[in-house]
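Novice: This is data_0.txt (compact mmCIF, C-alpha atoms and all ligand atoms).
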# COMPACT_ATOMS: atom_id res chain seq x y z
CA MET N 1 87.17 146.11 41.88
CA THR N 2 87.88 147.26 45.42
CA THR N 3 85.81 150.13 46.68
CA ARG N 4 86.30 152.76 49.36
CA LEU N 5 82.59 153.52 49.43
CA PHE N 6 80.34 151.55 51.78
CA SER N 7 76.59 151.80 52.32
CA PHE N 8 74.71 150.81 55.45
CA ALA N 9 71.05 150.17 54.69
CA GLY N 10 68.60 149.96 57.59
CA GLY N 11 65.27 148.25 56.96
CA ASN N 12 63.35 145.02 57.47
CA THR N 13 65.89 142.71 55.93
CA GLY N 14 69.65 142.27 56.05
CA ARG N 15 72.37 139.99 57.32
CA TRP N 16 72.64 141.89 60.61
CA ARG N 17 69.72 141.90 63.08
CA VAL N 18 69.37 145.09 65.10
CA GLN N 19 69.51 144.43 68.84
CA SER N 20 69.20 148.03 70.02
CA MET N 21 69.28 151.60 68.77
CA ASN N 22 70.29 154.27 71.22
CA THR N 23 70.46 157.96 70.33
CA LEU N 24 73.27 159.47 72.42
CA ALA N 25 73.25 162.98 70.93
CA GLY N 26 71.18 164.94 68.41
CA GLU N 27 68.50 163.66 66.10
CA SER N 28 67.62 159.95 66.14
CA LEU N 29 67.40 157.60 63.17
CA ALA N 30 64.21 155.73 62.27
CA VAL N 31 64.03 152.42 64.11
CA VAL N 32 64.78 149.42 61.89
CA GLU N 33 64.95 145.68 62.42
CA ALA N 34 67.90 144.79 60.24
CA LEU N 35 70.93 146.17 58.45
CA GLU N 36 72.70 145.31 55.23
CA LEU N 37 76.27 146.40 54.65
CA VAL N 38 76.85 146.95 50.95
CA GLU N 39 80.14 147.59 49.18
CA GLY N 40 79.73 150.60 46.92
CA ASP N 41 76.64 152.72 46.48
CA ALA N 42 73.54 150.81 47.57
CA GLY N 43 71.23 153.47 46.12
CA PRO N 44 67.76 153.45 47.66
CA LEU N 45 67.25 149.75 48.43
CA HIS N 46 63.60 148.83 48.01
CA ASP N 47 62.77 148.16 51.64
CA SER N 48 65.32 150.39 53.39
CA ARG N 49 64.21 153.21 55.69
CA TRP N 50 67.61 154.87 55.52
CA VAL N 51 70.95 154.39 53.82
CA LEU N 52 74.13 155.86 55.32
CA ARG N 53 77.18 156.16 53.10
CA GLY N 54 80.83 156.72 53.88
CA ILE N 55 84.26 156.30 52.33
CA THR N 56 87.41 154.94 53.86
CA SER N 57 90.26 157.39 53.54
CA ASN N 58 93.84 158.20 54.39
CA GLU N 59 94.59 158.68 58.06
CA ARG N 60 94.63 162.22 59.42
CA TYR N 61 96.07 161.96 62.90
CA VAL N 62 98.20 158.88 63.50
CA THR N 63 101.95 159.18 63.88
CA ARG N 64 104.24 156.59 62.28
CA GLU N 65 104.84 154.98 65.67
CA GLU N 66 101.09 154.74 66.39
CA LYS N 67 100.41 153.39 62.92
CA ASP N 68 103.02 150.66 63.28
CA SER N 69 101.56 149.62 66.67
CA LEU N 70 98.02 149.58 65.26
CA VAL N 71 99.01 147.51 62.24
CA ALA N 72 100.87 145.05 64.47
CA LYS N 73 97.89 144.58 66.80
CA GLN N 74 94.69 145.00 64.83
CA GLN N 75 92.75 142.32 62.96
CA GLY N 76 90.43 142.66 59.99
CA LEU N 77 86.65 142.52 59.77
CA GLY N 78 84.78 139.33 59.00
CA ARG N 79 86.27 137.01 61.64
CA SER N 80 83.99 134.01 62.02
CA LEU N 81 83.64 134.37 65.79
CA SER N 82 82.76 138.07 65.60
CA ARG N 83 79.00 137.75 65.51
CA CYS N 84 78.32 141.09 67.21
CA ALA N 85 78.75 144.53 65.69
CA ALA N 86 78.21 148.19 66.48
CA LEU N 87 77.36 150.81 63.87
CA ILE N 88 77.92 154.26 65.36
CA PRO N 89 77.39 157.15 62.96
CA LEU N 90 78.39 160.49 64.42
CA ARG N 91 78.76 164.14 63.60
CA LYS N 92 81.05 166.78 65.06
CA SER N 93 80.19 170.43 65.60
CA ALA N 94 81.16 173.39 63.43
CA GLY N 95 83.56 174.33 66.25
CA TRP N 96 85.57 171.16 65.57
CA TRP N 97 85.78 171.76 61.85
CA THR N 98 87.04 175.31 62.21
CA LEU N 99 90.05 174.13 64.23
CA THR N 100 93.35 173.56 62.48
CA GLN N 101 94.73 170.07 61.94
CA ASP N 102 97.24 170.36 64.78
CA GLU N 103 94.61 171.75 67.18
CA ARG N 104 92.38 168.77 66.36
CA ARG N 105 95.23 166.29 66.88
CA GLN N 106 95.90 167.92 70.26
CA ILE N 107 92.33 167.35 71.41
CA PHE N 108 92.02 163.93 69.75
CA GLU N 109 95.17 162.37 71.17
CA ASP N 110 97.14 164.63 73.53
CA HIS N 111 94.04 165.47 75.62
CA SER N 112 91.69 162.57 74.87
CA ARG N 113 94.05 159.61 74.28
CA HIS N 114 91.70 158.23 71.61
CA ILE N 115 94.31 155.99 70.00
CA ALA N 116 95.92 154.95 73.29
CA ILE N 117 92.50 153.99 74.71
CA GLY N 118 91.40 152.18 71.55
CA MET N 119 94.69 150.30 71.28
CA LYS N 120 94.01 148.51 74.58
CA TYR N 121 91.00 146.82 72.98
CA LEU N 122 92.88 145.37 70.03
CA PRO N 123 92.71 142.80 68.57
CA ALA N 124 89.37 141.97 70.28
CA ILE N 125 87.59 144.80 68.50
CA ALA N 126 87.95 145.05 64.71
CA ARG N 127 86.98 148.38 63.18
CA ARG N 128 86.56 150.44 60.05
CA LEU N 129 86.23 154.22 59.92
CA HIS N 130 84.27 155.85 57.08
CA HIS N 131 84.24 159.55 56.29
CA CYS N 132 81.09 161.24 54.98
CA ARG N 133 81.86 164.95 54.67
CA ASP N 134 83.64 164.66 51.36
CA LEU N 135 80.66 162.94 49.74
CA GLY N 136 78.72 166.21 49.70
CA PRO N 137 77.07 168.87 51.86
CA ASP N 138 73.90 166.91 52.67
CA GLU N 139 75.28 163.85 54.46
CA PRO N 140 73.57 163.41 57.85
CA PHE N 141 76.78 162.36 59.64
CA ASP N 142 80.50 163.19 59.42
CA PHE N 143 81.68 159.66 60.22
CA ILE N 144 80.31 156.15 60.20
CA THR N 145 82.17 153.84 62.53
CA TRP N 146 81.80 150.06 62.34
CA PHE N 147 83.07 147.56 64.91
CA GLU N 148 82.95 143.75 65.07
CA PHE N 149 83.58 141.62 68.15
CA THR N 150 82.51 138.44 69.92
CA GLU N 151 79.63 138.23 72.37
CA ALA N 152 82.19 137.85 75.17
CA ASP N 153 83.89 141.13 74.23
CA THR N 154 80.69 143.20 74.33
CA ALA N 155 81.36 144.36 77.90
CA ALA N 156 84.87 145.49 76.95
CA PHE N 157 83.45 147.42 74.00
CA ASP N 158 80.94 149.16 76.30
CA GLU N 159 83.72 150.01 78.74
CA MET N 160 85.82 151.58 75.96
CA LEU N 161 82.85 153.61 74.76
CA LYS N 162 82.29 154.96 78.25
CA VAL N 163 85.90 156.14 78.51
CA LEU N 164 85.85 157.75 75.04
CA HIS N 165 82.54 159.49 75.78
CA ALA N 166 84.07 161.14 78.86
CA SER N 167 86.99 162.56 76.84
CA PRO N 168 87.34 166.19 75.63
CA GLU N 169 87.00 165.01 72.01
CA TRP N 170 83.37 164.04 72.64
CA ARG N 171 82.44 167.62 73.64
CA TYR N 172 82.48 168.24 69.89
CA VAL N 173 80.14 165.36 69.04
CA ASN N 174 76.64 166.69 68.43
CA ARG N 175 74.97 163.71 66.81
CA GLU N 176 75.58 160.07 67.67
CA VAL N 177 73.48 156.93 67.37
CA ASP N 178 74.70 153.64 68.85
CA ILE N 179 73.25 150.71 66.90
CA ARG N 180 74.05 147.19 68.11
CA LEU N 181 73.74 144.24 65.82
CA ARG N 182 74.08 140.51 65.67
CA LEU N 183 74.61 138.29 62.64
CA ALA N 184 71.28 136.78 61.61
C1 LIG N 201 88.91 149.60 68.78
C2 LIG N 201 89.27 150.71 69.37
C3 LIG N 201 89.59 151.95 68.58
C4 LIG N 201 90.77 152.24 67.96
C5 LIG N 201 92.03 151.40 67.95
C6 LIG N 201 90.59 153.51 67.30
C7 LIG N 201 91.55 154.14 66.55
C8 LIG N 201 91.38 155.29 65.84
C9 LIG N 201 92.41 155.95 65.08
C10 LIG N 201 93.84 155.47 64.93
C11 LIG N 201 91.86 157.04 64.52
C12 LIG N 201 92.57 158.10 63.68
C13 LIG N 201 92.53 157.84 62.21
C14 LIG N 201 93.27 158.98 61.52
O1 LIG N 201 94.47 159.15 61.76
O2 LIG N 201 92.62 159.70 60.73
C15 LIG N 201 90.46 157.06 64.91
C16 LIG N 201 89.57 158.01 64.50
C17 LIG N 201 88.25 158.00 64.85
N1 LIG N 201 87.63 157.13 65.70
FE1 LIG N 201 88.49 155.63 66.70
N2 LIG N 201 89.32 153.97 67.54
C18 LIG N 201 88.67 153.06 68.32
C19 LIG N 201 87.40 153.15 68.80
C20 LIG N 201 86.50 154.10 68.44
C21 LIG N 201 85.11 154.16 68.86
C22 LIG N 201 84.46 153.18 69.83
C23 LIG N 201 84.54 155.22 68.22
C24 LIG N 201 83.13 155.72 68.23
C25 LIG N 201 82.25 155.59 69.16
C26 LIG N 201 85.55 155.82 67.40
C27 LIG N 201 85.35 156.89 66.56
C28 LIG N 201 86.32 157.48 65.80
C29 LIG N 201 86.06 158.64 64.96
C30 LIG N 201 84.75 159.35 64.75
C31 LIG N 201 87.28 158.96 64.37
C32 LIG N 201 87.56 160.12 63.41
C33 LIG N 201 87.91 161.31 64.22
C34 LIG N 201 88.15 162.55 63.38
O3 LIG N 201 88.70 162.43 62.28
O4 LIG N 201 87.75 163.63 63.84
N3 LIG N 201 86.73 155.13 67.56
N4 LIG N 201 90.21 156.00 65.73
How does the structure come out when it is put into structure tokens?
Ligand code: HEM
Specialist:
Amino acid sequence: MTTRLFSFAGGNTGRWRVQSMNTLAGESLAVVEALELVEGDAGPLHDSRWVLRGITSNERYVTREEKDSLVAKQQGLGRSLSRCAALIPLRKSAGWWTLTQDERRQIFEDHSRHIAIGMKYLPAIARRLHHCRDLGPDEPFDFITWFEFTEADTAAFDEMLKVLHASPEWRYVNREVDIRLRLA
């Protein structure tokens, strides 16, 4: 059965070794050595210090034209050469969530160029966006973002992150932890 729910369990064991954990905004997450990505609900894994959960969902912002360009350029997760990953859970402020859909799209793309910026890094960076808000009121983040790339593309990933962080969209981000990983 295919699932839309994914769990990210941080602890002492897991296929991904943690290289660094950097809190960019808000509360940090307990430092862990490894991460396991589980399809479905991992529950409390016996040695995990935290488990983040999110579901993939329908797109909210992309236009048909953008979607077609993304589909034409992007590649899926799990490529054998992509031995590096970034797990970046983040939360946006109440101010963001009280905006209307078209106000959010305006900030997200018209003012911040999120899709246009990201598109330049395809297909090098593979990604999956997970939503957390609809799982319940107690989720620690609004989104869990997951990216896979080769060692050689790490600098490009960092460059993209820098540009996105300087955009108006990021004024609404009030919790963000940048976790870098490598396949064990
Ligand atoms: C590989 C480059 C990237 C591409 C092509 C890309 C593309 C996209 C697209 C198309 C959406 C909109 C989905 C929708 O319509 O609902 C989106 C949303 C999002 N992206 Fe990216 N992105 C990239 C990099 C990043 C990075 C590096 C981060 C985090 C540090 C990030 C965080 C997010 C978040 C949190 C959302 C949801 C925004 C919201 O719904 O408020 N993206 N991205």
Novice: All residues within 8 Å of ligand LIG 201 (chain N) are required, counting all atoms listed in the file; please report them as a VMD selection string.
Specialist: chain N and resid 57 to 63 66 to 67 70 74 88 to 92 104 108 114 to 127 129 131 142 to 145 147 157 160 to 161 164 to 165 178
Novice: Select, from N:Asp102, N:Gly10, N:Arg128, N:Ala152, the residue with the minimum atom-to-atom distance to Gln75 (chain N), counting only C-alpha atoms.
Specialist: N:Arg128
Novice: Rank N:Ser28, N:Gln106, N:Asn174, N:Ser80 by their smallest atom-to-atom distance to Ser93 (chain N), using all atoms listed in the file, and report the top residue only.
Specialist: N:Asn174
Novice: Nearest to Asp138 (chain N) among N:Pro168, N:Asp110, N:Leu52, N:Val71, with distances taken over all atoms listed in the file: which residue is it?
Specialist: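 Once distances to Asp138 (chain N) are computed over all atoms listed in the file, the minimum belongs to N:Leu52.
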Novice: CA of Ala184 (chain N) and CA of Gly14 (chain N) are how many Å apart?
Specialist: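 One can read the CA of Ala184 (chain N) to CA of Gly14 (chain N) distance as 8.0 Å.
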Novice: Using only C-alpha atoms, which of N:Arg133, N:Arg113, N:Glu65, N:Ala85 sits nearest Arg15 (chain N)?
Specialist: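 Looking only at the distances to Arg15 (chain N), the closest residue turns out to be N:Ala85.
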Novice: Kindly give the distance, in Å, that separates CA of Arg182 (chain N) and CA of Arg17 (chain N), rounded to a single decimal.
Specialist: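 If I compute the distance from CA of Arg182 (chain N) to CA of Arg17 (chain N), I get 5.3 Å.
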Novice: Check the smallest atom-to-atom distance from each of N:Ile55, N:Cys84, N:Ala94, N:Ala72 to Asp41 (chain N) using only C-alpha atoms, then report the winner.
Specialist: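 Among the listed residues, N:Ile55 lies closest to Asp41 (chain N).
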Novice: Which residues, written as a PyMOL selection string, have at least one atom at most 7 Å from Trp16 (chain N), with only C-alpha atoms counted and residues fewer than 3 positions away on the same chain left out?
Specialist: chain N and resi 34-36+181-184
Novice: For region 170-176 of chain N, take all atoms listed in the file, fit an axis-aligned box around them, add 3 Å to each of the six sides, then output centre and edge lengths in Å rounded to one decimal, as AutoDock Vina command-line options.
Specialist:
--center_x 79.2 --center_y 164.2 --center_z 70.2 --size_x 14.4 --size_y 14.2 --size_z 12.8
Novice: Could you work out how far CA of Arg79 (chain N) lies from CA of Ser20 (chain N), giving the answer in Å with one decimal?
Specialist: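 A separation of 22.0 Å between them.
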Novice: Applying 8 Å and only C-alpha atoms, which residues near Ala25 (chain N) remain after dropping the ones on its own chain fewer than 6 positions away? List them as a list in words.
Specialist: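 Using only C-alpha atoms, the neighbours found are Val173, Asn174, Arg175, Glu176 and Val177 of chain N.
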Novice: Determine the nearest neighbour of Ser48 (chain N) from the options N:Glu33, N:Asp134, N:Asp158, N:Glu139, counting all atoms listed in the file.
Specialist: N:Glu33
